[in-house]
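Reproduced below: model.pdb, with PDB, C-alpha atoms.
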ATOM      1  CA  MET A   1     -32.431  21.761 277.826  1.00  0.00           C
ATOM      2  CA  ARG A   2     -32.772  25.070 276.006  1.00  0.00           C
ATOM      3  CA  LEU A   3     -36.568  25.197 276.332  1.00  0.00           C
ATOM      4  CA  ARG A   4     -36.494  24.117 279.952  1.00  0.00           C
ATOM      5  CA  LEU A   5     -34.145  26.972 280.847  1.00  0.00           C
ATOM      6  CA  LEU A   6     -36.978  29.363 280.018  1.00  0.00           C
ATOM      7  CA  LYS A   7     -38.645  28.349 283.275  1.00  0.00           C
ATOM      8  CA  PRO A   8     -38.027  31.119 285.834  1.00  0.00           C
ATOM      9  CA  SER A   9     -36.908  28.641 288.488  1.00  0.00           C
ATOM     10  CA  LEU A  10     -34.228  27.218 286.176  1.00  0.00           C
ATOM     11  CA  ILE A  11     -33.044  30.682 285.157  1.00  0.00           C
ATOM     12  CA  PHE A  12     -32.680  31.466 288.861  1.00  0.00           C
ATOM     13  CA  LEU A  13     -30.848  28.168 289.471  1.00  0.00           C
ATOM     14  CA  ALA A  14     -28.510  28.709 286.497  1.00  0.00           C
ATOM     15  CA  THR A  15     -27.708  32.257 287.630  1.00  0.00           C
ATOM     16  CA  ARG A  16     -26.867  31.126 291.155  1.00  0.00           C
ATOM     17  CA  MET A  17     -24.800  28.183 289.921  1.00  0.00           C
ATOM     18  CA  LEU A  18     -22.927  30.365 287.424  1.00  0.00           C
ATOM     19  CA  THR A  19     -22.080  32.846 290.179  1.00  0.00           C
ATOM     20  CA  TRP A  20     -20.534  30.054 292.249  1.00  0.00           C
ATOM     21  CA  ALA A  21     -18.787  28.674 289.153  1.00  0.00           C
ATOM     22  CA  LEU A  22     -17.082  32.053 288.714  1.00  0.00           C
ATOM     23  CA  LEU A  23     -16.063  32.217 292.397  1.00  0.00           C
ATOM     24  CA  LEU A  24     -14.825  28.635 292.854  1.00  0.00           C
ATOM     25  CA  PRO A  25     -11.507  28.940 290.946  1.00  0.00           C
ATOM     26  CA  PHE A  26     -10.448  31.686 293.359  1.00  0.00           C
ATOM     27  CA  LEU A  27     -11.948  30.135 296.457  1.00  0.00           C
ATOM     28  CA  LYS A  28     -10.199  26.780 295.990  1.00  0.00           C
ATOM     29  CA  ARG A  29      -6.845  28.549 295.640  1.00  0.00           C
ATOM     30  CA  ILE A  30      -7.086  30.617 298.822  1.00  0.00           C
ATOM     31  CA  ARG A  31      -8.773  28.119 301.168  1.00  0.00           C
ATOM     32  CA  PRO A  32      -8.042  24.462 302.021  1.00  0.00           C
ATOM     33  CA  LEU A  33     -10.505  21.939 300.598  1.00  0.00           C
ATOM     34  CA  PRO A  34     -12.321  21.194 303.907  1.00  0.00           C
ATOM     35  CA  ASP A  35     -13.023  24.930 304.263  1.00  0.00           C
ATOM     36  CA  VAL A  36     -14.313  25.157 300.696  1.00  0.00           C
ATOM     37  CA  VAL A  37     -16.600  22.167 301.303  1.00  0.00           C
ATOM     38  CA  ARG A  38     -17.960  23.845 304.443  1.00  0.00           C
ATOM     39  CA  ILE A  39     -18.596  27.031 302.447  1.00  0.00           C
ATOM     40  CA  MET A  40     -20.367  25.045 299.717  1.00  0.00           C
ATOM     41  CA  HIS A  41     -22.381  23.010 302.216  1.00  0.00           C
ATOM     42  CA  ARG A  42     -26.019  24.039 302.024  1.00  0.00           C
ATOM     43  CA  ARG A  43     -29.035  22.222 303.361  1.00  0.00           C
ATOM     44  CA  PRO A  44     -32.550  23.221 302.249  1.00  0.00           C
ATOM     45  CA  SER A  45     -33.497  26.292 304.247  1.00  0.00           C
ATOM     46  CA  GLY A  46     -37.235  26.292 303.702  1.00  0.00           C
ATOM     47  CA  LYS A  47     -37.115  29.993 302.782  1.00  0.00           C
ATOM     48  CA  PHE A  48     -37.701  29.324 299.107  1.00  0.00           C
ATOM     49  CA  SER A  49     -39.783  26.719 297.403  1.00  0.00           C
ATOM     50  CA  ILE A  50     -37.311  24.628 295.463  1.00  0.00           C
ATOM     51  CA  SER A  51     -38.874  23.781 292.141  1.00  0.00           C
ATOM     52  CA  TYR A  52     -35.990  21.942 290.555  1.00  0.00           C
ATOM     53  CA  CYS A  53     -34.754  18.404 290.907  1.00  0.00           C
ATOM     54  CA  GLN A  54     -31.540  16.418 290.737  1.00  0.00           C
ATOM     55  CA  GLN A  55     -31.737  16.205 286.929  1.00  0.00           C
ATOM     56  CA  ASP A  56     -32.078  20.001 286.668  1.00  0.00           C
ATOM     57  CA  VAL A  57     -28.991  20.530 288.840  1.00  0.00           C
ATOM     58  CA  ILE A  58     -26.958  18.045 286.792  1.00  0.00           C
ATOM     59  CA  ALA A  59     -28.127  19.523 283.467  1.00  0.00           C
ATOM     60  CA  VAL A  60     -27.202  23.079 284.483  1.00  0.00           C
ATOM     61  CA  ALA A  61     -23.797  21.986 285.861  1.00  0.00           C
ATOM     62  CA  ASP A  62     -23.125  20.070 282.630  1.00  0.00           C
ATOM     63  CA  ARG A  63     -23.982  23.183 280.644  1.00  0.00           C
ATOM     64  CA  ILE A  64     -21.698  25.406 282.727  1.00  0.00           C
ATOM     65  CA  TYR A  65     -18.786  22.948 282.564  1.00  0.00           C
ATOM     66  CA  ARG A  66     -19.428  21.406 279.143  1.00  0.00           C
ATOM     67  CA  SER A  67     -15.978  22.183 277.762  1.00  0.00           C
ATOM     68  CA  ALA A  68     -13.996  22.717 280.943  1.00  0.00           C
ATOM     69  CA  GLN A  69     -11.315  20.053 281.129  1.00  0.00           C
ATOM     70  CA  GLY A  70      -9.656  19.858 284.519  1.00  0.00           C
ATOM     71  CA  LYS A  71     -12.571  21.475 286.352  1.00  0.00           C
ATOM     72  CA  CYS A  72     -13.891  18.331 288.032  1.00  0.00           C
ATOM     73  CA  LEU A  73     -13.400  19.698 291.551  1.00  0.00           C
ATOM     74  CA  GLU A  74     -15.289  22.874 290.775  1.00  0.00           C
ATOM     75  CA  LYS A  75     -18.118  20.997 289.060  1.00  0.00           C
ATOM     76  CA  SER A  76     -18.284  18.484 291.913  1.00  0.00           C
ATOM     77  CA  LEU A  77     -18.446  21.249 294.522  1.00  0.00           C
ATOM     78  CA  LEU A  78     -21.259  22.909 292.588  1.00  0.00           C
ATOM     79  CA  LEU A  79     -23.173  19.633 292.249  1.00  0.00           C
ATOM     80  CA  TYR A  80     -22.604  18.902 295.944  1.00  0.00           C
ATOM     81  CA  ARG A  81     -24.029  22.284 296.993  1.00  0.00           C
ATOM     82  CA  TYR A  82     -27.131  22.192 294.835  1.00  0.00           C
ATOM     83  CA  LEU A  83     -27.898  18.501 295.323  1.00  0.00           C
ATOM     84  CA  LEU A  84     -27.888  19.214 299.065  1.00  0.00           C
ATOM     85  CA  ALA A  85     -30.315  22.068 298.419  1.00  0.00           C
ATOM     86  CA  THR A  86     -32.727  19.705 296.674  1.00  0.00           C
ATOM     87  CA  GLY A  87     -32.785  17.426 299.717  1.00  0.00           C
ATOM     88  CA  ASN A  88     -30.479  14.740 298.340  1.00  0.00           C
ATOM     89  CA  ASP A  89     -27.737  13.158 300.440  1.00  0.00           C
ATOM     90  CA  PRO A  90     -24.621  13.643 298.278  1.00  0.00           C
ATOM     91  CA  LYS A  91     -21.042  12.835 299.120  1.00  0.00           C
ATOM     92  CA  LEU A  92     -18.056  14.538 297.551  1.00  0.00           C
ATOM     93  CA  ALA A  93     -15.246  12.136 296.656  1.00  0.00           C
ATOM     94  CA  VAL A  94     -11.649  12.994 295.828  1.00  0.00           C
ATOM     95  CA  GLY A  95      -9.393  10.301 294.454  1.00  0.00           C
ATOM     96  CA  PHE A  96      -6.125   9.659 292.670  1.00  0.00           C
ATOM     97  CA  ARG A  97      -4.734   7.133 290.239  1.00  0.00           C
ATOM     98  CA  LYS A  98      -1.305   6.576 288.796  1.00  0.00           C
ATOM     99  CA  MET A  99      -1.131   6.795 285.031  1.00  0.00           C
ATOM    100  CA  ASP A 100       2.103   6.705 283.065  1.00  0.00           C
ATOM    101  CA  ARG A 101       4.225   7.476 286.135  1.00  0.00           C
ATOM    102  CA  GLN A 102       2.081  10.486 286.990  1.00  0.00           C
ATOM    103  CA  TRP A 103      -0.595  10.906 289.600  1.00  0.00           C
ATOM    104  CA  MET A 104      -3.961  12.087 288.355  1.00  0.00           C
ATOM    105  CA  GLY A 105      -6.517  13.568 290.699  1.00  0.00           C
ATOM    106  CA  HIS A 106     -10.250  13.549 290.163  1.00  0.00           C
ATOM    107  CA  SER A 107     -13.358  14.433 292.123  1.00  0.00           C
ATOM    108  CA  TRP A 108     -16.963  13.355 291.749  1.00  0.00           C
ATOM    109  CA  VAL A 109     -20.266  13.320 293.586  1.00  0.00           C
ATOM    110  CA  ILE A 110     -21.985  10.193 294.907  1.00  0.00           C
ATOM    111  CA  VAL A 111     -25.678   9.863 295.736  1.00  0.00           C
ATOM    112  CA  GLY A 112     -26.920   6.547 297.085  1.00  0.00           C
ATOM    113  CA  ASN A 113     -23.567   4.804 296.434  1.00  0.00           C
ATOM    114  CA  CYS A 114     -23.736   5.734 292.725  1.00  0.00           C
ATOM    115  CA  PRO A 115     -21.602   8.382 291.054  1.00  0.00           C
ATOM    116  CA  ILE A 116     -23.609  11.256 289.620  1.00  0.00           C
ATOM    117  CA  ASP A 117     -22.942  12.257 286.031  1.00  0.00           C
ATOM    118  CA  GLU A 118     -19.987   9.849 285.742  1.00  0.00           C
ATOM    119  CA  PRO A 119     -19.845   6.241 284.611  1.00  0.00           C
ATOM    120  CA  ALA A 120     -18.790   4.036 287.513  1.00  0.00           C
ATOM    121  CA  ALA A 121     -16.391   2.169 285.218  1.00  0.00           C
ATOM    122  CA  ALA A 122     -14.428   5.379 284.614  1.00  0.00           C
ATOM    123  CA  LEU A 123     -13.836   5.703 288.365  1.00  0.00           C
ATOM    124  CA  LYS A 124     -12.776   2.137 289.134  1.00  0.00           C
ATOM    125  CA  ASP A 125      -9.041   2.882 288.949  1.00  0.00           C
ATOM    126  CA  PHE A 126      -9.232   5.842 291.313  1.00  0.00           C
ATOM    127  CA  SER A 127      -8.351   5.301 294.961  1.00  0.00           C
ATOM    128  CA  ARG A 128     -10.586   7.446 297.121  1.00  0.00           C
ATOM    129  CA  LEU A 129      -8.479   9.694 299.268  1.00  0.00           C
ATOM    130  CA  LEU A 130     -11.226  11.828 300.826  1.00  0.00           C
ATOM    131  CA  ILE A 131     -14.981  11.556 301.040  1.00  0.00           C
ATOM    132  CA  PHE A 132     -17.007  14.421 302.465  1.00  0.00           C
ATOM    133  CA  ASN A 133     -20.421  13.304 303.680  1.00  0.00           C
ATOM    134  CA  SER A 134     -23.606  15.323 303.313  1.00  0.00           C
ATOM    135  CA  ASP A 135     -22.783  17.164 306.548  1.00  0.00           C
ATOM    136  CA  GLY A 136     -19.561  18.503 305.029  1.00  0.00           C
ATOM    137  CA  VAL A 137     -17.402  16.276 307.238  1.00  0.00           C
ATOM    138  CA  ILE A 138     -14.648  13.953 306.068  1.00  0.00           C
ATOM    139  CA  GLU A 139     -15.668  10.328 306.527  1.00  0.00           C
ATOM    140  CA  GLY A 140     -13.327   8.084 308.483  1.00  0.00           C
TER
END

Represent the structure of the file as structure tokens.
Amino acid sequence: MRLRLLKPSLIFLATRMLTWALLLPFLKRIRPLPDVVRIMHRRPSGKFSISYCQQDVIAVADRIYRSAQGKCLEKSLLLYRYLLATGNDPKLAVGFRKMDRQWMGHSWVIVGNCPIDEPAAALKDFSRLLIFNSDGVIEG
């Protein structure tokens, strides 16, 4: 990953993603989740030639959030935004599970019915509460 970040396109991607990563903790506290998803929603605009792929987006997000426990919503929102920008069709899922008499929330991104950057087995106990489709709309 270190050598690949020397590519100008990945430096640009990492800078943009890091900017959003710094803004998301504040944004998610002052706006309801559907509003934040709409803000993060971004389809390819055609203005710039996108020279990165799904693996680049995941690698940069992993680097930004490598030691950030409890930041799954922020990481998922970032992945959602930049996977949309690469032309993928991601969905943002939010779920809960009960563990030791406490409810635990978690969020993750799905592309093609497969979770991105998460083992499916780790998500099996979560009940999906909300799923935002690639248009930023909650699925029925």

Any idea what's packed within 7 Å of region 15-27 of chain A, counting only C-alpha atoms, ignoring anything in its chain fewer than 3 positions away? Could you give it as a PyMOL selection string?
-> chain A and resi 11-12+30-31+36+64+74+78

Go through the shown structure with the PyMOL selection byres ((chain A and resi 113) around 12) and write out the matching residues as an MDAnalysis selection string.
-> chainID A and resid 89:93 108:112 114:116 120 131 133

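By all atoms listed in the file, and with residues fewer than 5 positions from Ala59 (chain A) along its chain excluded, the set lying at most 12 Å from it is Met1, Arg2, Arg4, Leu5, Leu10, Leu13, Ala14, Met17, Tyr52, Cys53, Gln54, Ile64, Tyr65, Arg66, Lys75, Leu78, Leu79, Tyr82, Leu83, Ile116 and Asp117 of chain A.
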
If you keep C-alpha atoms, can you produce a file of those selected residues as a tab-separated table (two decimals), in the coordinates of the input?
chain	number	residue	atom	x	y	z
A	1	MET	CA	-32.43	21.76	277.83
A	2	ARG	CA	-32.77	25.07	276.01
A	4	ARG	CA	-36.49	24.12	279.95
A	5	LEU	CA	-34.15	26.97	280.85
A	10	LEU	CA	-34.23	27.22	286.18
A	13	LEU	CA	-30.85	28.17	289.47
A	14	ALA	CA	-28.51	28.71	286.50
A	17	MET	CA	-24.80	28.18	289.92
A	52	TYR	CA	-35.99	21.94	290.56
A	53	CYS	CA	-34.75	18.40	290.91
A	54	GLN	CA	-31.54	16.42	290.74
A	64	ILE	CA	-21.70	25.41	282.73
A	65	TYR	CA	-18.79	22.95	282.56
A	66	ARG	CA	-19.43	21.41	279.14
A	75	LYS	CA	-18.12	21.00	289.06
A	78	LEU	CA	-21.26	22.91	292.59
A	79	LEU	CA	-23.17	19.63	292.25
A	82	TYR	CA	-27.13	22.19	294.83
A	83	LEU	CA	-27.90	18.50	295.32
A	116	ILE	CA	-23.61	11.26	289.62
A	117	ASP	CA	-22.94	12.26	286.03

In file coordinates, which residues lie within 12 Å of (-5.4, 16.7, 291.3) using all atoms listed in the file, given as a short mmCIF file (atom, residue, chain, number, x, y, z; two decimals) with C-alpha atoms, keeping the file's coordinate frame?
data_model
loop_
_atom_site.label_atom_id
_atom_site.label_comp_id
_atom_site.auth_asym_id
_atom_site.auth_seq_id
_atom_site.Cartn_x
_atom_site.Cartn_y
_atom_site.Cartn_z
CA LEU A 33 -10.50 21.94 300.60
CA GLY A 70 -9.66 19.86 284.52
CA LYS A 71 -12.57 21.48 286.35
CA CYS A 72 -13.89 18.33 288.03
CA LEU A 73 -13.40 19.70 291.55
CA GLU A 74 -15.29 22.87 290.77
CA VAL A 94 -11.65 12.99 295.83
CA GLY A 95 -9.39 10.30 294.45
CA PHE A 96 -6.12 9.66 292.67
CA ARG A 97 -4.73 7.13 290.24
CA LYS A 98 -1.30 6.58 288.80
CA GLN A 102 2.08 10.49 286.99
CA TRP A 103 -0.60 10.91 289.60
CA MET A 104 -3.96 12.09 288.36
CA GLY A 105 -6.52 13.57 290.70
CA HIS A 106 -10.25 13.55 290.16
CA SER A 107 -13.36 14.43 292.12
CA PHE A 126 -9.23 5.84 291.31
CA LEU A 129 -8.48 9.69 299.27
#

Can you tell me, as a CSV table (one decimal) with C-alpha atoms, in the frame of the given file, what residues are no more than 8 Å from Val37 (chain A) when counting all atoms listed in the file, ignoring any on the same chain fewer than 2 positions away?
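Output contents, as saved in result_13.csv:
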chain,number,residue,atom,x,y,z
A,33,LEU,CA,-10.5,21.9,300.6
A,34,PRO,CA,-12.3,21.2,303.9
A,35,ASP,CA,-13.0,24.9,304.3
A,39,ILE,CA,-18.6,27.0,302.4
A,40,MET,CA,-20.4,25.0,299.7
A,41,HIS,CA,-22.4,23.0,302.2
A,77,LEU,CA,-18.4,21.2,294.5
A,132,PHE,CA,-17.0,14.4,302.5
A,136,GLY,CA,-19.6,18.5,305.0

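Among the candidates A:Arg29, A:Arg38, A:Ala85, A:Lys7, the residue lying nearest to Ile138 (chain A) is A:Arg38 (atoms considered: only C-alpha atoms).
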
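Straight-line separation from CA of Ser9 (chain A) to CA of Asp56 (chain A): 10.1 Å.
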
Have region 18-44 of chain A completed to N, CA and C atoms, please, and pass it along as a PDB file, in the frame of the given file.
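Output (part-v9.pdb):
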ATOM      1  N   LEU A  18     -23.969  29.680 288.200  1.00  0.00           N
ATOM      2  CA  LEU A  18     -22.927  30.365 287.424  1.00  0.00           C
ATOM      3  C   LEU A  18     -22.125  31.314 288.313  1.00  0.00           C
ATOM      4  N   THR A  19     -22.783  31.969 289.235  1.00  0.00           N
ATOM      5  CA  THR A  19     -22.080  32.846 290.179  1.00  0.00           C
ATOM      6  C   THR A  19     -21.051  32.059 290.977  1.00  0.00           C
ATOM      7  N   TRP A  20     -21.480  30.906 291.510  1.00  0.00           N
ATOM      8  CA  TRP A  20     -20.534  30.054 292.249  1.00  0.00           C
ATOM      9  C   TRP A  20     -19.437  29.528 291.335  1.00  0.00           C
ATOM     10  N   ALA A  21     -19.788  29.188 290.101  1.00  0.00           N
ATOM     11  CA  ALA A  21     -18.787  28.674 289.153  1.00  0.00           C
ATOM     12  C   ALA A  21     -17.704  29.716 288.883  1.00  0.00           C
ATOM     13  N   LEU A  22     -18.065  30.984 288.903  1.00  0.00           N
ATOM     14  CA  LEU A  22     -17.082  32.053 288.714  1.00  0.00           C
ATOM     15  C   LEU A  22     -16.226  32.267 289.961  1.00  0.00           C
ATOM     16  N   LEU A  23     -16.791  32.015 291.145  1.00  0.00           N
ATOM     17  CA  LEU A  23     -16.063  32.217 292.397  1.00  0.00           C
ATOM     18  C   LEU A  23     -15.161  31.035 292.781  1.00  0.00           C
ATOM     19  N   LEU A  24     -15.543  29.833 292.402  1.00  0.00           N
ATOM     20  CA  LEU A  24     -14.825  28.635 292.854  1.00  0.00           C
ATOM     21  C   LEU A  24     -13.351  28.584 292.464  1.00  0.00           C
ATOM     22  N   PRO A  25     -12.946  28.998 291.257  1.00  0.00           N
ATOM     23  CA  PRO A  25     -11.507  28.940 290.946  1.00  0.00           C
ATOM     24  C   PRO A  25     -10.652  29.740 291.931  1.00  0.00           C
ATOM     25  N   PHE A  26     -11.172  30.866 292.395  1.00  0.00           N
ATOM     26  CA  PHE A  26     -10.448  31.686 293.359  1.00  0.00           C
ATOM     27  C   PHE A  26     -10.533  31.093 294.761  1.00  0.00           C
ATOM     28  N   LEU A  27     -11.720  30.669 295.123  1.00  0.00           N
ATOM     29  CA  LEU A  27     -11.948  30.135 296.457  1.00  0.00           C
ATOM     30  C   LEU A  27     -11.083  28.911 296.734  1.00  0.00           C
ATOM     31  N   LYS A  28     -10.976  28.007 295.763  1.00  0.00           N
ATOM     32  CA  LYS A  28     -10.199  26.780 295.990  1.00  0.00           C
ATOM     33  C   LYS A  28      -8.694  27.043 296.051  1.00  0.00           C
ATOM     34  N   ARG A  29      -8.264  28.207 295.575  1.00  0.00           N
ATOM     35  CA  ARG A  29      -6.845  28.549 295.640  1.00  0.00           C
ATOM     36  C   ARG A  29      -6.458  29.250 296.949  1.00  0.00           C
ATOM     37  N   ILE A  30      -7.427  29.864 297.606  1.00  0.00           N
ATOM     38  CA  ILE A  30      -7.086  30.617 298.822  1.00  0.00           C
ATOM     39  C   ILE A  30      -7.508  29.910 300.110  1.00  0.00           C
ATOM     40  N   ARG A  31      -8.298  28.842 299.988  1.00  0.00           N
ATOM     41  CA  ARG A  31      -8.773  28.119 301.168  1.00  0.00           C
ATOM     42  C   ARG A  31      -8.484  26.626 301.009  1.00  0.00           C
ATOM     43  N   PRO A  32      -8.206  25.916 302.101  1.00  0.00           N
ATOM     44  CA  PRO A  32      -8.042  24.462 302.021  1.00  0.00           C
ATOM     45  C   PRO A  32      -9.385  23.794 301.673  1.00  0.00           C
ATOM     46  N   LEU A  33      -9.311  22.627 301.076  1.00  0.00           N
ATOM     47  CA  LEU A  33     -10.505  21.939 300.598  1.00  0.00           C
ATOM     48  C   LEU A  33     -11.574  21.753 301.680  1.00  0.00           C
ATOM     49  N   PRO A  34     -11.249  21.326 302.900  1.00  0.00           N
ATOM     50  CA  PRO A  34     -12.321  21.194 303.907  1.00  0.00           C
ATOM     51  C   PRO A  34     -13.069  22.505 304.155  1.00  0.00           C
ATOM     52  N   ASP A  35     -12.358  23.633 304.098  1.00  0.00           N
ATOM     53  CA  ASP A  35     -13.023  24.930 304.263  1.00  0.00           C
ATOM     54  C   ASP A  35     -13.954  25.221 303.081  1.00  0.00           C
ATOM     55  N   VAL A  36     -13.493  24.920 301.886  1.00  0.00           N
ATOM     56  CA  VAL A  36     -14.313  25.157 300.696  1.00  0.00           C
ATOM     57  C   VAL A  36     -15.572  24.288 300.748  1.00  0.00           C
ATOM     58  N   VAL A  37     -15.432  23.057 301.179  1.00  0.00           N
ATOM     59  CA  VAL A  37     -16.600  22.167 301.303  1.00  0.00           C
ATOM     60  C   VAL A  37     -17.573  22.738 302.326  1.00  0.00           C
ATOM     61  N   ARG A  38     -17.074  23.242 303.441  1.00  0.00           N
ATOM     62  CA  ARG A  38     -17.960  23.845 304.443  1.00  0.00           C
ATOM     63  C   ARG A  38     -18.680  25.069 303.874  1.00  0.00           C
ATOM     64  N   ILE A  39     -17.977  25.864 303.079  1.00  0.00           N
ATOM     65  CA  ILE A  39     -18.596  27.031 302.447  1.00  0.00           C
ATOM     66  C   ILE A  39     -19.683  26.594 301.466  1.00  0.00           C
ATOM     67  N   MET A  40     -19.418  25.520 300.730  1.00  0.00           N
ATOM     68  CA  MET A  40     -20.367  25.045 299.717  1.00  0.00           C
ATOM     69  C   MET A  40     -21.505  24.231 300.317  1.00  0.00           C
ATOM     70  N   HIS A  41     -21.344  23.818 301.564  1.00  0.00           N
ATOM     71  CA  HIS A  41     -22.381  23.010 302.216  1.00  0.00           C
ATOM     72  C   HIS A  41     -23.641  23.837 302.385  1.00  0.00           C
ATOM     73  N   ARG A  42     -24.758  23.302 301.923  1.00  0.00           N
ATOM     74  CA  ARG A  42     -26.019  24.039 302.024  1.00  0.00           C
ATOM     75  C   ARG A  42     -27.178  23.060 302.082  1.00  0.00           C
ATOM     76  N   ARG A  43     -27.820  23.027 303.202  1.00  0.00           N
ATOM     77  CA  ARG A  43     -29.035  22.222 303.361  1.00  0.00           C
ATOM     78  C   ARG A  43     -30.233  23.060 302.943  1.00  0.00           C
ATOM     79  N   PRO A  44     -31.353  22.437 302.575  1.00  0.00           N
ATOM     80  CA  PRO A  44     -32.550  23.221 302.249  1.00  0.00           C
ATOM     81  C   PRO A  44     -32.947  24.098 303.431  1.00  0.00           C
TER      82      PRO A  44
END
